[in-house]
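K.L.:
I have a structure I would like to understand better, so I am pasting it below and will then ask my questions one at a time.
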Amino acid sequence: MPAKVNPEEQKSFLETVLKPLIEKAKNYEIELFFMDASHFVMGGFCGKIWGKVRVWIRTASGRKRFNVLGALNFVTKKMTTITNSTYITSIQVMEMLDKLASENIGSTIKIILDNASYQRCVAVTEYAEKLGIELVFLPSYSPNLNLIERVWKFVKSQILNAAYIETFDNFCVKISLFVDSLATLNPDKMDSLVTDRFQLFSA
C-alpha cells in the first residue's frame, strides 16, 4: 500500500466518479480511457525458474530507455500510444489528446490519469478543454485505480522477463508490436485485467 494513500478518498472517488464513468462507457455513452506512461529501460531483466542447474542469461549493455505513453480504452481494450526514446512531457500528452480526438470524432472522451506534473500542467488542461476532452485526475497515490498499470505489468512480464534483446531498435519494435496487438492477440488476458473490479486499501 502506498505510504501516503488516503483510503477514504480512493473509496469516494471509485464510487462517485469512476464507477459511474465505467457504466457510461459500457453503455456506449462515452469513450473512457485510462492513461499513463511506462518507461522500458534496456538492460538486465530478472526472471525466476526452478532448476537443478544454474543458467546464465545474457543481458544488454547500456541504459537506453523506450518511453510509451498509452491510453487504454476501457471497452475495446485497444491501446493508443505515443512513443520516444527521450522523455515524456506535456508535448507528448498533447499529441496523445490530438490522436484520441481524431480517432473518436463525435464521441465524448474522458480520460482517467494521475497527477504527474506534465499531465496536470496548464498547457495540457487548457488544450484538453479546447478539444472538448475531460481529464479526470485520480486521487494522489492511487495506481490501483488506474487500469493501465495492470496492463504495463503484463507487458513487462511477457516481453522483458529474463529476455535478451540484442539491439535497441529490436527492443523498441518488440515492445511496440506487443502493445499494439494486446486487444487482438491477448483478448482473454485483457478481459481479465481491464475490469470494473478494483483493489482498495483499509485505513
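Every chain in the C-alpha cells has a letter given in the order shown (A, B, ...), and although residue numbers restart at 1 in each chain, ligands are simply numbered from 1 in the order shown.
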If you take only C-alpha atoms and a cut-off of 9 Å, which residues of stretch 9-38 of chain A touch stretch 112-129 of chain A, and what are their nearest atom pairs and distances in Å to one decimal, in chain and number order, as a Markdown table?
P.N.:
| residue | atom | partner | partner_atom | distance |
| --- | --- | --- | --- | --- |
| A:Leu18 | CA | A:Ile112 | CA | 8.4 |
| A:Leu32 | CA | A:Ile112 | CA | 7.6 |
| A:Phe33 | CA | A:Ile112 | CA | 6.1 |
| A:Phe34 | CA | A:Ile112 | CA | 4.7 |
| A:Met35 | CA | A:Leu113 | CA | 5.2 |
| A:Asp36 | CA | A:Leu113 | CA | 6.4 |
K.L.:
Taking only residues of stretch 168-193 of chain A that have an atom at most 10 Å from an atom of stretch 147-163 of chain A, what is each one's shortest atom pair and its distance in Å to one decimal, using only C-alpha atoms, in chain and number order, as a tab-separated table?
P.N.:
residue	atom	partner	partner_atom	distance
A:Phe171	CA	A:Ile159	CA	9.2
A:Lys174	CA	A:Ile159	CA	7.6
A:Ile175	CA	A:Ile159	CA	6.9
A:Phe178	CA	A:Val155	CA	7.5
A:Val179	CA	A:Val155	CA	7.1
A:Leu182	CA	A:Val155	CA	8.8
A:Lys189	CA	A:Phe154	CA	8.9
A:Met190	CA	A:Val151	CA	7.7
A:Leu193	CA	A:Arg150	CA	6.4
K.L.:
Tell me, as a PDB file with C-alpha atoms, in the first residue's frame, which residues lie within 10 Å of A:Arg197, counting only C-alpha atoms; anything in the same chain fewer than 5 positions away does not count.
P.N.:
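Generated file (result_38.pdb):
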ATOM      1  CA  LYS A  19     -17.853   3.595 -11.436  1.00  0.00           C
ATOM      2  CA  LEU A 145      -7.336   2.753  -9.635  1.00  0.00           C
ATOM      3  CA  LEU A 147      -6.293   0.086 -15.012  1.00  0.00           C
ATOM      4  CA  SER A 192      -9.329 -10.288 -17.016  1.00  0.00           C
TER       5      SER A 192
END
K.L.:
According to DSSP computed on the backbone, where in stretch 43-156 of chain A is there strand (DSSP E or B)? Give the residues as a VMD selection string.
P.N.:
chain A and resid 65 to 73 79 to 84 109 to 113 133 to 137
K.L.:
Which one is closest to A:Ser176: A:Ala25, A:Val53, A:Val17, A:Leu69? Count only C-alpha atoms.
P.N.:
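Of the candidates, the smallest distance to A:Ser176 is held by A:Leu69.
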K.L.:
With distances taken over only C-alpha atoms, which residue among A:Ile30, A:Leu200, A:Ile111, A:Phe40 lies nearest A:Val136?
P.N.:
A:Ile111
